[in-house]
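Structure file coords-v9.cif with mmCIF, C-alpha atoms:
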```
data_query
#
loop_
_atom_site.label_atom_id
_atom_site.label_comp_id
_atom_site.auth_asym_id
_atom_site.auth_seq_id
_atom_site.Cartn_x
_atom_site.Cartn_y
_atom_site.Cartn_z
CA MET A 1 -11.03 -10.15 11.79
CA LYS A 2 -13.68 -11.00 9.23
CA PHE A 3 -13.06 -11.50 5.53
CA GLU A 4 -14.64 -8.13 4.69
CA THR A 5 -12.31 -6.35 7.13
CA ARG A 6 -9.01 -8.06 6.55
CA TRP A 7 -8.34 -8.25 2.88
CA PRO A 8 -5.78 -10.71 1.56
CA PRO A 9 -2.40 -8.95 1.34
CA VAL A 10 -2.07 -9.03 -2.46
CA PRO A 11 -5.26 -7.07 -3.33
CA ALA A 12 -4.62 -4.73 -0.37
CA GLY A 13 -1.15 -4.05 -1.71
CA ILE A 14 -2.50 -3.52 -5.21
CA LEU A 15 -4.90 -0.84 -3.92
CA ILE A 16 -1.96 0.93 -2.22
CA GLY A 17 -0.13 0.66 -5.54
CA VAL A 18 -3.14 2.19 -7.29
CA SER A 19 -3.10 5.16 -4.91
CA MET A 20 0.60 5.58 -5.70
CA LEU A 21 -0.13 5.42 -9.42
CA LEU A 22 -2.88 8.03 -9.08
CA ALA A 23 -0.33 10.24 -7.34
CA PHE A 24 2.20 9.74 -10.17
CA VAL A 25 -0.39 10.71 -12.78
CA VAL A 26 -2.04 13.59 -10.91
CA ALA A 27 0.87 15.06 -8.95
CA GLY A 28 3.97 13.78 -10.75
CA ARG A 29 5.22 12.31 -7.50
CA GLY A 30 4.36 9.45 -5.22
CA ILE A 31 2.70 9.00 -1.85
CA GLY A 32 4.34 9.55 1.52
CA ALA A 33 3.68 10.19 5.16
CA SER A 34 6.85 11.36 6.86
CA GLY A 35 7.33 14.56 4.82
CA ALA A 36 4.08 15.99 6.15
CA MET A 37 5.20 15.33 9.71
CA THR A 38 8.49 17.13 9.15
CA ARG A 39 6.49 20.09 7.86
CA LEU A 40 4.27 19.88 10.94
CA VAL A 41 7.19 20.12 13.38
CA ALA A 42 8.72 22.91 11.27
CA TRP A 43 5.43 24.81 11.49
CA VAL A 44 5.08 24.33 15.27
CA GLN A 45 8.68 25.32 15.90
CA HIS A 46 8.22 28.35 13.65
CA GLY A 47 5.32 29.44 15.86
CA LEU A 48 7.62 29.35 18.89
CA PHE A 49 10.94 30.47 17.39
CA PRO A 50 10.23 32.10 14.00
CA THR A 51 13.67 33.55 13.26
CA ALA A 52 15.68 30.52 14.33
CA THR A 53 13.46 28.19 12.29
CA GLU A 54 13.67 30.33 9.16
CA GLN A 55 17.45 30.36 9.49
CA SER A 56 17.65 26.62 10.18
CA VAL A 57 19.66 24.80 7.54
CA TYR A 58 17.14 21.99 7.42
CA PHE A 59 13.76 23.61 8.18
CA GLY A 60 14.52 26.95 6.51
CA LYS A 61 13.57 25.68 3.04
CA TYR A 62 9.94 25.37 4.08
CA PHE A 63 9.72 29.13 4.72
CA VAL A 64 11.45 30.51 1.64
CA ASP A 65 9.61 33.58 0.22
CA GLY A 66 6.98 33.47 2.95
CA ALA A 67 5.81 29.96 2.10
CA HIS A 68 3.59 28.14 4.58
CA PRO A 69 5.01 24.70 5.39
CA LEU A 70 1.59 23.09 5.63
CA ASN A 71 0.47 24.37 2.22
CA ASP A 72 1.92 21.37 0.43
CA TYR A 73 0.84 18.27 -1.43
CA VAL A 74 2.14 15.86 1.26
CA VAL A 75 0.07 17.54 3.98
CA PHE A 76 -3.15 17.26 1.98
CA LEU A 77 -2.27 13.64 1.28
CA LEU A 78 -1.93 13.02 5.02
CA VAL A 79 -5.36 14.53 5.68
CA GLY A 80 -6.79 12.16 3.07
CA LEU A 81 -4.99 9.24 4.72
CA LEU A 82 -6.62 10.06 8.06
CA ILE A 83 -10.07 10.28 6.44
CA GLY A 84 -9.59 7.06 4.46
CA ALA A 85 -8.48 4.99 7.45
CA PHE A 86 -11.22 6.49 9.64
CA VAL A 87 -13.99 5.71 7.15
CA ALA A 88 -12.69 2.17 6.55
CA ALA A 89 -12.51 1.44 10.30
CA TRP A 90 -15.89 3.02 10.96
CA ARG A 91 -17.59 0.99 8.22
CA SER A 92 -16.02 -2.18 9.63
CA GLY A 93 -16.96 -1.40 13.24
CA GLU A 94 -13.28 -1.35 14.26
CA LEU A 95 -13.24 2.19 15.57
CA ARG A 96 -12.25 2.19 19.25
CA LEU A 97 -9.66 3.58 21.64
CA GLU A 98 -7.22 0.83 22.57
CA VAL A 99 -3.58 -0.04 23.07
CA LEU A 100 -2.41 -2.86 20.80
CA ARG A 101 0.25 -5.15 22.24
CA GLY A 102 1.30 -8.77 22.62
CA PRO A 103 0.07 -10.84 25.56
CA ASN A 104 3.30 -10.53 27.61
CA ILE A 105 3.68 -6.80 28.09
CA THR A 106 1.84 -4.13 30.08
CA ASN A 107 0.11 -1.18 28.42
CA ARG A 108 2.58 1.23 29.99
CA ASN A 109 5.65 -0.57 28.69
CA ARG A 110 4.07 -0.91 25.26
CA LEU A 111 3.55 2.86 25.14
CA VAL A 112 7.12 3.53 26.26
CA LEU A 113 8.42 1.31 23.45
CA ALA A 114 6.04 2.95 20.97
CA LEU A 115 7.56 6.30 21.89
CA VAL A 116 11.14 5.03 21.63
CA GLY A 117 10.43 3.36 18.29
CA GLY A 118 8.77 6.54 17.07
CA VAL A 119 11.77 8.70 17.91
CA ILE A 120 14.18 6.30 16.17
CA SER A 121 11.95 6.02 13.08
CA GLY A 122 11.44 9.76 12.91
CA PHE A 123 15.15 10.38 12.87
CA ALA A 124 15.79 7.51 10.45
CA ALA A 125 13.09 8.63 8.00
CA ARG A 126 14.72 12.04 7.69
CA LEU A 127 18.17 10.54 7.22
CA ALA A 128 16.85 8.23 4.49
CA ARG A 129 14.81 11.05 2.86
CA GLY A 130 11.54 9.18 3.32
CA CYS A 131 9.74 6.36 5.04
CA THR A 132 8.29 3.03 3.97
CA SER A 133 5.88 4.69 1.57
CA GLY A 134 7.66 7.80 0.34
CA GLN A 135 11.07 6.18 -0.05
CA GLY A 136 10.42 2.44 -0.05
CA LEU A 137 7.28 1.95 -2.12
CA VAL A 138 7.62 4.94 -4.44
CA GLY A 139 11.36 4.51 -4.92
CA GLY A 140 10.83 0.77 -5.29
CA ALA A 141 8.38 1.36 -8.13
CA GLU A 142 10.74 3.89 -9.70
CA LEU A 143 13.46 1.20 -9.50
CA SER A 144 15.66 3.56 -7.46
CA VAL A 145 18.86 1.92 -6.21
CA GLY A 146 18.71 3.93 -2.96
CA ALA A 147 15.13 2.91 -2.27
CA TRP A 148 15.87 -0.79 -2.71
CA ALA A 149 18.91 -0.47 -0.46
CA PHE A 150 16.65 1.27 2.08
CA LEU A 151 14.01 -1.50 1.91
CA ILE A 152 16.52 -4.31 2.34
CA CYS A 153 18.15 -2.47 5.24
CA VAL A 154 14.77 -1.92 6.95
CA PHE A 155 14.32 -5.68 7.19
CA ILE A 156 17.94 -6.20 8.28
CA GLY A 157 17.49 -3.59 11.05
CA GLY A 158 14.19 -5.10 12.13
CA TRP A 159 15.58 -8.62 12.32
CA LEU A 160 18.65 -7.42 14.23
CA VAL A 161 16.58 -6.26 17.20
CA ALA A 162 13.47 -8.45 16.84
CA TRP A 163 14.81 -10.93 19.38
CA PHE A 164 15.24 -8.27 22.07
CA VAL A 165 11.69 -6.95 21.88
CA ARG A 166 9.94 -10.27 21.27
CA LYS A 167 8.08 -10.09 24.59
CA GLN A 168 6.29 -7.05 23.29
CA TRP A 169 4.74 -8.92 20.39
CA ILE A 170 4.57 -12.70 20.88
CA MET B 1 -1.44 21.13 -9.41
CA ASN B 2 -4.52 21.59 -7.32
CA LEU B 3 -3.52 20.42 -3.84
CA TRP B 4 -7.05 19.29 -3.04
CA LEU B 5 -6.58 16.43 -5.49
CA ALA B 6 -4.20 14.91 -2.95
CA ILE B 7 -7.10 14.30 -0.53
CA PRO B 8 -8.83 11.54 -2.55
CA ILE B 9 -5.44 9.92 -3.22
CA GLY B 10 -4.76 9.90 0.52
CA ILE B 11 -8.23 8.46 1.16
CA VAL B 12 -7.53 5.49 -1.13
CA PHE B 13 -4.15 5.02 0.58
CA GLY B 14 -5.62 5.12 4.10
CA TYR B 15 -8.55 2.90 3.14
CA ALA B 16 -6.15 0.29 1.75
CA LEU B 17 -3.84 0.49 4.78
CA PHE B 18 -6.75 -0.29 7.09
CA HIS B 19 -7.95 -3.24 5.02
CA ALA B 20 -4.40 -4.57 4.79
CA GLY B 21 -4.62 -4.83 8.59
CA PHE B 22 -1.86 -2.26 9.11
CA THR B 23 -3.65 -0.17 11.68
CA ASP B 24 -2.71 -3.00 14.06
CA SER B 25 0.90 -2.66 15.26
CA ARG B 26 1.12 -6.39 15.99
CA ARG B 27 0.51 -7.32 12.37
CA ILE B 28 3.35 -5.05 11.33
CA ALA B 29 5.82 -6.19 13.99
CA TRP B 30 4.97 -9.87 13.42
CA ALA B 31 6.53 -9.56 9.97
CA PHE B 32 9.93 -9.58 11.67
CA TYR B 33 9.09 -12.90 13.37
CA PHE B 34 7.49 -14.38 10.21
CA LYS B 35 4.30 -14.72 12.24
CA ASP B 36 2.33 -12.60 9.75
CA VAL B 37 4.09 -11.86 6.48
CA GLY B 38 1.42 -9.38 5.35
CA VAL B 39 3.88 -6.46 5.43
CA PRO B 40 6.37 -7.74 2.83
CA VAL B 41 3.59 -9.22 0.67
CA VAL B 42 1.63 -5.95 0.65
CA MET B 43 4.83 -4.03 -0.10
CA PHE B 44 5.74 -6.34 -2.99
CA SER B 45 2.22 -6.02 -4.43
CA ALA B 46 2.17 -2.24 -4.08
CA ILE B 47 5.62 -1.85 -5.67
CA VAL B 48 4.77 -4.14 -8.60
CA THR B 49 1.47 -2.30 -9.18
CA GLY B 50 3.10 1.11 -9.03
CA MET B 51 6.07 0.02 -11.13
CA VAL B 52 4.04 -1.64 -13.89
CA GLY B 53 1.62 1.29 -13.89
CA LEU B 54 4.29 3.99 -13.92
CA TRP B 55 6.45 2.51 -16.68
CA GLY B 56 3.50 0.99 -18.55
CA LEU B 57 1.57 4.27 -18.73
CA SER B 58 4.69 6.03 -20.00
CA LEU B 59 5.21 3.36 -22.67
CA VAL B 60 1.70 3.84 -24.03
CA GLY B 61 2.09 7.60 -23.83
CA LEU B 62 -0.43 8.37 -21.07
CA LEU B 63 2.18 9.65 -18.63
CA ASP B 64 5.15 11.91 -19.30
CA ILE B 65 7.92 10.28 -17.29
CA SER B 66 10.05 13.42 -17.41
CA LEU B 67 7.39 15.16 -15.30
CA VAL B 68 7.53 12.53 -12.56
CA TYR B 69 9.88 13.28 -9.69
CA MET B 70 12.47 10.52 -9.49
CA LEU B 71 13.87 9.94 -6.02
CA PRO B 72 17.60 10.59 -5.88
CA THR B 73 19.96 8.02 -4.37
CA TYR B 74 22.28 8.83 -1.49
CA LEU B 75 23.32 5.25 -1.01
CA LEU B 76 25.06 5.09 2.37
CA PRO B 77 22.76 7.52 4.26
CA MET B 78 19.75 5.64 2.90
CA ALA B 79 21.18 2.27 3.93
CA VAL B 80 22.01 3.50 7.44
CA GLY B 81 18.62 5.24 7.64
CA GLY B 82 17.00 1.98 6.56
CA VAL B 83 18.65 -0.06 9.31
CA LEU B 84 17.65 2.52 11.94
CA PHE B 85 14.15 2.68 10.49
CA GLY B 86 13.77 -1.09 10.78
CA VAL B 87 14.94 -0.92 14.39
CA GLY B 88 12.34 1.77 15.10
CA MET B 89 9.68 -0.22 13.29
CA VAL B 90 10.06 -3.42 15.32
CA ILE B 91 10.33 -1.48 18.60
CA GLY B 92 7.48 0.91 17.86
CA GLY B 93 5.30 -1.41 15.80
CA TYR B 94 4.51 1.13 13.11
CA CYS B 95 5.91 3.12 10.26
CA PRO B 96 4.65 6.68 9.72
CA GLY B 97 1.83 5.97 7.24
CA THR B 98 0.44 3.06 9.21
CA ALA B 99 0.70 4.97 12.49
CA ILE B 100 -1.30 7.87 11.04
CA ALA B 101 -3.92 5.37 9.86
CA ALA B 102 -3.89 3.79 13.33
CA VAL B 103 -4.42 7.20 14.95
CA ALA B 104 -7.51 7.66 12.78
CA THR B 105 -8.92 4.37 14.09
CA GLY B 106 -8.25 5.21 17.75
CA LYS B 107 -5.07 3.25 18.48
CA ILE B 108 -3.35 4.87 21.46
CA ASP B 109 0.03 3.24 20.76
CA GLY B 110 -0.16 4.76 17.28
CA MET B 111 -0.68 8.23 18.77
CA VAL B 112 2.33 7.79 21.07
CA PHE B 113 4.42 6.51 18.13
CA ILE B 114 3.52 9.62 16.14
CA GLY B 115 4.54 11.77 19.11
CA GLY B 116 7.91 10.06 19.11
CA PHE B 117 8.18 10.35 15.35
CA LEU B 118 7.67 14.11 15.52
CA ILE B 119 10.37 14.36 18.21
CA GLY B 120 12.77 12.32 16.06
CA SER B 121 12.12 14.53 13.02
CA LEU B 122 12.65 17.64 15.12
CA VAL B 123 15.95 16.37 16.51
CA PHE B 124 17.14 15.55 13.00
CA GLY B 125 16.26 19.00 11.70
CA ASP B 126 17.53 21.05 14.64
CA PHE B 127 20.86 19.26 14.89
CA PHE B 128 21.18 18.96 11.12
CA PRO B 129 24.72 20.44 11.03
CA VAL B 130 25.91 17.42 13.04
CA TRP B 131 24.91 14.86 10.37
CA GLY B 132 24.34 17.15 7.38
CA ASP B 133 27.56 16.13 5.64
CA PHE B 134 26.72 12.46 5.98
CA TYR B 135 23.11 13.11 4.86
CA ASN B 136 24.36 14.65 1.61
CA SER B 137 27.12 12.12 1.00
CA ASP B 138 27.34 9.21 -1.46
CA TYR B 139 25.11 11.01 -3.97
CA LEU B 140 24.42 9.00 -7.12
CA GLY B 141 21.58 11.05 -8.63
CA ALA B 142 18.38 9.42 -9.84
CA PHE B 143 20.01 6.04 -10.25
CA ARG B 144 17.91 3.07 -11.33
CA LEU B 145 18.52 -0.63 -10.83
CA ASP B 146 18.58 -1.26 -14.58
CA GLN B 147 21.29 1.39 -15.02
CA TRP B 148 23.25 -0.12 -12.15
CA LEU B 149 23.03 -3.63 -13.65
CA GLY B 150 23.51 -2.37 -17.19
CA ILE B 151 20.36 -4.02 -18.56
CA GLY B 152 17.19 -2.74 -20.21
CA LEU B 153 14.28 -1.33 -18.24
CA GLY B 154 11.88 -4.01 -19.52
CA PRO B 155 13.95 -6.97 -18.27
CA MET B 156 14.43 -5.09 -14.97
CA VAL B 157 10.66 -4.86 -14.53
CA LEU B 158 10.38 -8.58 -15.17
CA ILE B 159 13.13 -9.28 -12.61
CA ILE B 160 11.32 -7.23 -9.95
CA VAL B 161 8.05 -9.04 -10.70
CA ILE B 162 9.83 -12.37 -10.29
CA VAL B 163 11.53 -11.22 -7.07
CA ALA B 164 8.14 -10.11 -5.73
CA VAL B 165 6.38 -13.35 -6.67
CA VAL B 166 9.16 -15.60 -5.34
CA GLY B 167 9.43 -13.38 -2.24
CA THR B 168 5.68 -13.57 -1.60
CA ILE B 169 5.46 -17.34 -1.98
CA SER B 170 8.58 -18.05 0.07
CA MET B 171 7.44 -15.66 2.84
CA ILE B 172 4.11 -17.51 3.10
CA PHE B 173 6.01 -20.82 3.12
CA VAL B 174 8.32 -19.64 5.92
CA GLN B 175 5.34 -18.40 7.94
CA ASP B 176 3.69 -21.82 7.71
CA PHE B 177 6.95 -23.59 8.46
CA VAL B 178 7.76 -21.53 11.58
CA TRP B 179 4.30 -20.98 13.03
CA GLY B 180 2.13 -23.69 11.48
CA GLU B 181 -1.09 -23.00 9.60
CA LYS B 182 -2.86 -21.02 12.29
CA ASP B 183 -3.93 -18.11 10.16
CA THR B 184 -7.09 -19.66 8.77
CA VAL B 185 -8.60 -16.47 7.34
CA THR B 186 -5.83 -15.67 4.88
CA LYS B 187 -5.49 -19.34 3.96
CA SER B 188 -9.14 -19.77 2.93
CA ARG B 189 -9.83 -20.90 -0.64
CA PRO B 190 -11.29 -17.65 -2.02
CA PHE B 191 -8.25 -15.78 -0.63
CA MET B 192 -5.76 -18.11 -2.26
CA LYS B 193 -7.61 -18.29 -5.58
CA LEU B 194 -7.85 -14.51 -5.84
CA GLN B 195 -4.20 -14.02 -4.99
CA GLY B 196 -3.06 -16.78 -7.31
CA ALA B 197 -4.91 -15.14 -10.19
CA LEU B 198 -3.40 -11.73 -9.44
CA ILE B 199 0.11 -13.17 -9.19
CA ALA B 200 -0.30 -14.98 -12.52
CA PHE B 201 -1.49 -11.72 -14.08
CA ALA B 202 1.58 -9.90 -12.75
CA ILE B 203 3.90 -12.51 -14.27
CA VAL B 204 2.22 -12.14 -17.68
CA ILE B 205 2.62 -8.35 -17.56
CA GLY B 206 6.24 -8.69 -16.49
CA ILE B 207 7.00 -10.97 -19.46
CA ILE B 208 5.33 -8.51 -21.86
CA PHE B 209 7.52 -5.76 -20.40
CA ALA B 210 10.70 -7.74 -20.91
CA PHE B 211 10.15 -7.81 -24.67
CA PHE B 212 9.15 -4.16 -25.03
CA PRO B 213 11.60 -1.64 -26.47
CA THR B 214 11.89 0.71 -23.50
CA GLU B 215 15.00 2.71 -24.41
CA SER B 216 13.13 5.20 -26.56
CA PHE B 217 11.09 7.01 -23.94
CA ILE B 218 13.43 7.61 -21.01
CA ASP B 219 15.56 10.71 -20.89
CA ASP B 220 18.22 9.87 -18.33
CA THR B 221 19.71 13.34 -18.43
CA VAL B 222 16.74 14.97 -16.67
CA GLU B 223 16.71 15.17 -12.92
CA THR B 224 14.40 17.14 -10.65
CA PRO B 225 16.19 18.32 -7.52
CA PHE B 226 13.19 18.30 -5.16
CA TYR B 227 13.69 18.25 -1.43
CA ILE B 228 17.44 18.19 -1.69
CA VAL B 229 19.15 20.58 0.67
CA PRO B 230 21.62 22.36 -1.60
CA LYS B 231 25.24 21.85 -0.75
CA ALA B 232 25.71 25.63 -0.78
CA ASP B 233 23.59 25.85 2.38
CA MET B 234 26.03 23.58 4.13
CA THR B 235 29.00 25.79 3.46
CA SER B 236 27.17 28.94 4.56
CA THR B 237 26.97 27.57 8.09
CA GLY B 238 30.70 27.07 8.18
CA LEU B 239 30.55 23.30 8.14
#
```
Would you encode the structure as structure tokens?
Amino acid sequence: MKFETRWPPVPAGILIGVSMLLAFVVAGRGIGASGAMTRLVAWVQHGLFPTATEQSVYFGKYFVDGAHPLNDYVVFLLVGLLIGAFVAAWRSGELRLEVLRGPNITNRNRLVLALVGGVISGFAARLARGCTSGQGLVGGAELSVGAWAFLICVFIGGWLVAWFVRKQWI
Amino acid sequence: MNLWLAIPIGIVFGYALFHAGFTDSRRIAWAFYFKDVGVPVVMFSAIVTGMVGLWGLSLVGLLDISLVYMLPTYLLPMAVGGVLFGVGMVIGGYCPGTAIAAVATGKIDGMVFIGGFLIGSLVFGDFFPVWGDFYNSDYLGAFRLDQWLGIGLGPMVLIIVIVAVVGTISMIFVQDFVWGEKDTVTKSRPFMKLQGALIAFAIVIGIIFAFFPTESFIDDTVETPFYIVPKADMTSTGL
């Protein structure tokens, strides 16, 4: 990647921090990605099984008083995220369909592992009440004890299994 | 608030994620092998920026901290969730925000990861009664590191800045030590000069914070119970 495309990590991180700060000032809360996806599955399931979803202990809160689960700050933020990444990639000429993987794994196996990792992360993000951004970065900036515990544990978890999936990446 | 204001915020976030190189799953996963330490360095920088901005703006009176939603701590569920999340991250190569950004740039593995992520969220929600008690356990409220350590907020900010700076420099050192200096782009002179200047700036701000009287503006009695499933709901299901 060229200099213009791959920024050094410190200024890139600062710009992410600035987006978080904008969110604090404008919305009174931080940035996040996983909350919008929970709302998306709640909405889809509601389309299929409306009564069961409204009575669900976990998803029910999104439908209180006829609320629409997608009419929320986190969903609009996610739309912005898609636009921002698309524009940045398009301007850098990096927009193309591809499977990213290490040199020692087939495309099919990479996609299987992507799915498995996705399922585990999806479950874990709900258990931890947020993901890297919504819990880790925002909570980290707010000096939350739980968020720092989460961040440290993310790296512990990653290192625990890194050896077993090394062929996927290196 | 007007929800449409969230769109430009998301655009900045997505734009930065792309330029951090995080639409590429390998760059994220390599963090766990110290082959590319961009992930922890970006996270440190983002946290320091957000932290200094959040507390700094409240100190100068531009931001009412009591209106900002403070994330509550459920220590054990968050720690267990963190370990699982890290496992998912090194297997899948993404976290949710970066995967969404990767989808926008056409990465097929990112799309599959998001598919899995949606399934995982659905399983959590639909079988919530199974782990609901654990999810709501070990509740400590909005509990900050400075309260936990019994020190002032200002010194805590300085400590985090120091942790971030030492973490960043040692991560880069470990990467060089384990893998050699192969990453020529991020080691180029303009890169290092720019980052060195920014790090020095962060240290100066952290030191200013440490000597600022911060006790006056925080009301620790206020807590906003956003997104918390009330305990009453648990009992209504007979659990």
Next on the checklist: Since I can't run it myself right now, could you work out what the PyMOL selection byres ((chain A and resi 102) around 8) selects here and report it as a ChimeraX atom specification?
Outcome noted: /A:100-101,103-105,167-170 /B:26
Next on the checklist: I'd like to see the residues matched by the PyMOL selection byres ((chain A and resi 12) around 12) on this file, and ideally I'd get them as number ranges by chain.
Outcome noted: A: 4-11, 13-19; B: 12-22, 38-47, 49, 191, 194-195, 198
Checklist entry - Any idea what's packed within 10 Å of Val165 (chain A), counting only C-alpha atoms, ignoring anything in its chain fewer than 5 positions away? Could you give it as JSON, numbers by chain? => result {"A": [113, 170], "B": [29, 90, 91, 92]}
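Nearest residue to Ile114 (chain B) among B:Ala6, B:Ala200, B:Cys95, B:Ile172 is B:Cys95, counting all atoms listed in the file.
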Item to check | Hits from the PyMOL selection byres ((chain B and resi 121) around 9), listed as a ChimeraX atom specification | outcome: /A:34,37-38,41,119,121-126 /B:116-120,122-126
Take the selection from the previous step and output its residues with C-alpha atoms, as a CSV table (one decimal), in the frame of the given file.
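The result, written out as part23.csv:
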```
chain,number,residue,atom,x,y,z
A,34,SER,CA,6.8,11.4,6.9
A,37,MET,CA,5.2,15.3,9.7
A,38,THR,CA,8.5,17.1,9.2
A,41,VAL,CA,7.2,20.1,13.4
A,119,VAL,CA,11.8,8.7,17.9
A,121,SER,CA,12.0,6.0,13.1
A,122,GLY,CA,11.4,9.8,12.9
A,123,PHE,CA,15.2,10.4,12.9
A,124,ALA,CA,15.8,7.5,10.4
A,125,ALA,CA,13.1,8.6,8.0
A,126,ARG,CA,14.7,12.0,7.7
B,116,GLY,CA,7.9,10.1,19.1
B,117,PHE,CA,8.2,10.4,15.4
B,118,LEU,CA,7.7,14.1,15.5
B,119,ILE,CA,10.4,14.4,18.2
B,120,GLY,CA,12.8,12.3,16.1
B,122,LEU,CA,12.6,17.6,15.1
B,123,VAL,CA,16.0,16.4,16.5
B,124,PHE,CA,17.1,15.6,13.0
B,125,GLY,CA,16.3,19.0,11.7
B,126,ASP,CA,17.5,21.0,14.6
```
Checklist entry - From the set A:Ile31, A:Val44, A:Ala128, A:Leu22, which residue has the shortest atom-to-atom contact distance to Ser137 (chain B), counting all atoms listed in the file? => result A:Ala128
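The space between CA of Val37 (chain B) and CA of Ala85 (chain A) spans 21.0 Å.
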Show me, as JSON, the centre and edge lengths in Å to one decimal of the axis-aligned box that covers every listed atom of region 157-175 of chain B with 8 Å on each side.
```
{"center_x": 8.6, "center_y": -12.8, "center_z": -3.6, "size_x": 25.0, "size_y": 32.0, "size_z": 39.1}
```
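Proximity of A:Gly30, A:Trp159, A:Asp72, A:Arg129 to Tyr74 (chain B), computed with only C-alpha atoms, is greatest for A:Arg129.
Among the candidates B:Gly86, B:Gly50, B:Gly56, B:Gly106, the residue lying nearest to Leu153 (chain B) is B:Gly56 (atoms considered: only C-alpha atoms).
If you measure from each of A:Phe86, A:Gly130, A:Phe49, A:Ser92 to chain B using all atoms listed in the file, the closest one turns out to be A:Phe86.
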Checklist entry - Do you know which residues are at most 8 Å from region 150-152 of chain A counting all atoms listed in the file, after dropping those on the same chain fewer than 2 positions away, and could you put them as a PyMOL selection string? => result (chain A and resi 128+132+135-136+146-148+154-156) or (chain B and resi 78-83)
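Contact shell of Phe59 (chain A) at 8 Å (all atoms listed in the file; same-chain neighbours under 3 positions omitted): Ala42, Thr53, Glu54, Gln55, Ser56, Tyr62 and Phe63 of chain A; Gly125 and Asp126 of chain B.
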Selection above as a file: C-alpha atoms, as a compact mmCIF listing (two decimals), in the frame of the given file:
```
# COMPACT_ATOMS: atom_id res chain seq x y z
CA ALA A 42 8.72 22.91 11.27
CA THR A 53 13.46 28.19 12.29
CA GLU A 54 13.67 30.33 9.16
CA GLN A 55 17.45 30.36 9.49
CA SER A 56 17.65 26.62 10.18
CA TYR A 62 9.94 25.37 4.08
CA PHE A 63 9.72 29.13 4.72
CA GLY B 125 16.26 19.00 11.70
CA ASP B 126 17.53 21.05 14.64
```
Item to check | Shell around Val178 (chain B) at 8 Å using all atoms listed in the file, local window under 3 positions removed, as JSON, numbers by chain | outcome: {"B": [34, 35, 174, 175]}
Checklist outcome for this item: The distance between CA of Leu82 (chain A) and CA of Pro69 (chain A) is 18.9 Å
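The smallest atom-to-atom distance between chain A and any of B:Ile28, B:Val157, B:Val166, B:Ile108, using all atoms listed in the file, is found for B:Ile108.
From CA of Val74 (chain A) back to CA of Gly35 (chain A), the distance works out to 6.4 Å.
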